[in-house]
Amino acid sequence: MDANNSQTHPSADQNNDPDWRSRANCAGDTVLFFAKKAERPQARARREAKARRLCEACEVNVECRDFARANREYGFWAGESEEDRHLLGYTVSAPIGIRARHHQNAS
Ligand code: SF4
């Protein structure tokens, strides 16, 4: 998977899989679901809290979560961050953000 794959997130791509993406609560809200470059931990927590509220009220939450896990996606999907999926065993192939946060926490 490409590290800059926001185009596949349901917030950005309404036509890729109309079975569930067209019913995504996040339509048009792409910025909430992917970290900006050098995003600070507090900003990340605020952004993900907002995203999580959309996901909790989303009728396709299960389909979205399963897709993100199966495809080792980057970003925030169905209430789960890359790090959440990593801890559950669904690690992305190049977990840049996870490594960066690990180093931040260690220093
Ligand atoms: S669960 Fe969240 S990320 Fe997934 S489609 Fe719904 S609002 Fe978007």
# chains A, B, ... in the order shown; residues from 1 in each chain; ligands from 1
call {"tool": "residues_near_ligand", "arguments": {"ligand": "ligand 1", "cutoff": "7 Å", "atoms": "only C-alpha atoms and all ligand atoms", "output": "PyMOL selection string"}}
result
chain A and resi 10-11+21+24-27+51-52+54-56+58-61+64-65+76-79
call {"tool": "write_last_selection", "arguments": {"atoms": "N, CA and C atoms", "output": "PDB file, in the first residue's frame"}}
result
ATOM      1  N   PRO A  10     -12.563   6.064   2.241  1.00  0.00           N
ATOM      2  CA  PRO A  10     -13.951   6.356   1.898  1.00  0.00           C
ATOM      3  C   PRO A  10     -14.288   7.838   1.921  1.00  0.00           C
ATOM      4  N   SER A  11     -13.525   8.622   2.661  1.00  0.00           N
ATOM      5  CA  SER A  11     -13.794  10.057   2.702  1.00  0.00           C
ATOM      6  C   SER A  11     -13.484  10.720   1.365  1.00  0.00           C
ATOM      7  N   ARG A  21     -18.840   2.261   0.487  1.00  0.00           N
ATOM      8  CA  ARG A  21     -18.192   3.579   0.530  1.00  0.00           C
ATOM      9  C   ARG A  21     -19.154   4.718   0.262  1.00  0.00           C
ATOM     10  N   ALA A  24     -20.554   6.163   3.428  1.00  0.00           N
ATOM     11  CA  ALA A  24     -19.582   6.586   4.444  1.00  0.00           C
ATOM     12  C   ALA A  24     -19.982   7.913   5.076  1.00  0.00           C
ATOM     13  N   ASN A  25     -19.896   7.968   6.361  1.00  0.00           N
ATOM     14  CA  ASN A  25     -20.178   9.196   7.122  1.00  0.00           C
ATOM     15  C   ASN A  25     -19.123  10.275   6.886  1.00  0.00           C
ATOM     16  N   CYS A  26     -17.956   9.881   6.434  1.00  0.00           N
ATOM     17  CA  CYS A  26     -16.821  10.798   6.320  1.00  0.00           C
ATOM     18  C   CYS A  26     -16.710  11.459   4.958  1.00  0.00           C
ATOM     19  N   ALA A  27     -17.681  11.279   4.128  1.00  0.00           N
ATOM     20  CA  ALA A  27     -17.591  11.818   2.766  1.00  0.00           C
ATOM     21  C   ALA A  27     -17.215  13.292   2.780  1.00  0.00           C
ATOM     22  N   ALA A  51     -12.473  12.355  14.186  1.00  0.00           N
ATOM     23  CA  ALA A  51     -12.699  11.279  13.218  1.00  0.00           C
ATOM     24  C   ALA A  51     -13.459  10.123  13.875  1.00  0.00           C
ATOM     25  N   ARG A  52     -13.070   9.815  15.113  1.00  0.00           N
ATOM     26  CA  ARG A  52     -13.698   8.692  15.812  1.00  0.00           C
ATOM     27  C   ARG A  52     -15.197   8.919  16.004  1.00  0.00           C
ATOM     28  N   LEU A  54     -17.185  10.558  14.016  1.00  0.00           N
ATOM     29  CA  LEU A  54     -17.836  10.259  12.731  1.00  0.00           C
ATOM     30  C   LEU A  54     -17.954   8.747  12.533  1.00  0.00           C
ATOM     31  N   CYS A  55     -16.894   8.039  12.858  1.00  0.00           N
ATOM     32  CA  CYS A  55     -16.867   6.585  12.657  1.00  0.00           C
ATOM     33  C   CYS A  55     -17.886   5.872  13.562  1.00  0.00           C
ATOM     34  N   GLU A  56     -18.016   6.359  14.788  1.00  0.00           N
ATOM     35  CA  GLU A  56     -18.947   5.699  15.723  1.00  0.00           C
ATOM     36  C   GLU A  56     -20.384   5.789  15.220  1.00  0.00           C
ATOM     37  N   CYS A  58     -21.208   5.847  12.027  1.00  0.00           N
ATOM     38  CA  CYS A  58     -21.205   5.456  10.614  1.00  0.00           C
ATOM     39  C   CYS A  58     -21.814   4.067  10.439  1.00  0.00           C
ATOM     40  N   GLU A  59     -22.718   3.940   9.508  1.00  0.00           N
ATOM     41  CA  GLU A  59     -23.410   2.663   9.307  1.00  0.00           C
ATOM     42  C   GLU A  59     -22.536   1.601   8.632  1.00  0.00           C
ATOM     43  N   VAL A  60     -21.402   2.012   8.045  1.00  0.00           N
ATOM     44  CA  VAL A  60     -20.529   1.031   7.385  1.00  0.00           C
ATOM     45  C   VAL A  60     -19.220   0.838   8.156  1.00  0.00           C
ATOM     46  N   ASN A  61     -19.263   1.062   9.436  1.00  0.00           N
ATOM     47  CA  ASN A  61     -18.096   0.959  10.294  1.00  0.00           C
ATOM     48  C   ASN A  61     -17.433  -0.429  10.192  1.00  0.00           C
ATOM     49  N   CYS A  64     -15.772  -0.962   6.757  1.00  0.00           N
ATOM     50  CA  CYS A  64     -14.600  -0.094   6.670  1.00  0.00           C
ATOM     51  C   CYS A  64     -13.452  -0.663   7.496  1.00  0.00           C
ATOM     52  N   ARG A  65     -13.728  -1.056   8.709  1.00  0.00           N
ATOM     53  CA  ARG A  65     -12.688  -1.632   9.583  1.00  0.00           C
ATOM     54  C   ARG A  65     -12.070  -2.877   8.956  1.00  0.00           C
ATOM     55  N   PHE A  76      -6.596   6.700   9.430  1.00  0.00           N
ATOM     56  CA  PHE A  76      -7.607   6.400  10.444  1.00  0.00           C
ATOM     57  C   PHE A  76      -8.844   5.865   9.739  1.00  0.00           C
ATOM     58  N   TRP A  77      -9.212   4.649  10.065  1.00  0.00           N
ATOM     59  CA  TRP A  77     -10.360   3.995   9.429  1.00  0.00           C
ATOM     60  C   TRP A  77     -11.217   3.361  10.525  1.00  0.00           C
ATOM     61  N   ALA A  78     -12.501   3.629  10.497  1.00  0.00           N
ATOM     62  CA  ALA A  78     -13.450   2.948  11.383  1.00  0.00           C
ATOM     63  C   ALA A  78     -13.052   3.016  12.861  1.00  0.00           C
ATOM     64  N   GLY A  79     -12.546   4.138  13.273  1.00  0.00           N
ATOM     65  CA  GLY A  79     -12.186   4.299  14.674  1.00  0.00           C
ATOM     66  C   GLY A  79     -10.836   3.719  15.040  1.00  0.00           C
TER      67      GLY A  79
END
call {"tool": "closest_residue", "arguments": {"among": "A:Phe67, A:Arg72, A:Leu32, A:Val62", "to": "Lys50 in chain A", "atoms": "only C-alpha atoms"}}
result
A:Leu32
call {"tool": "atom_distance", "arguments": {"atom1": "CA of Arg40 in chain A", "atom2": "CA of Arg53 in chain A"}}
result
20.3 Å
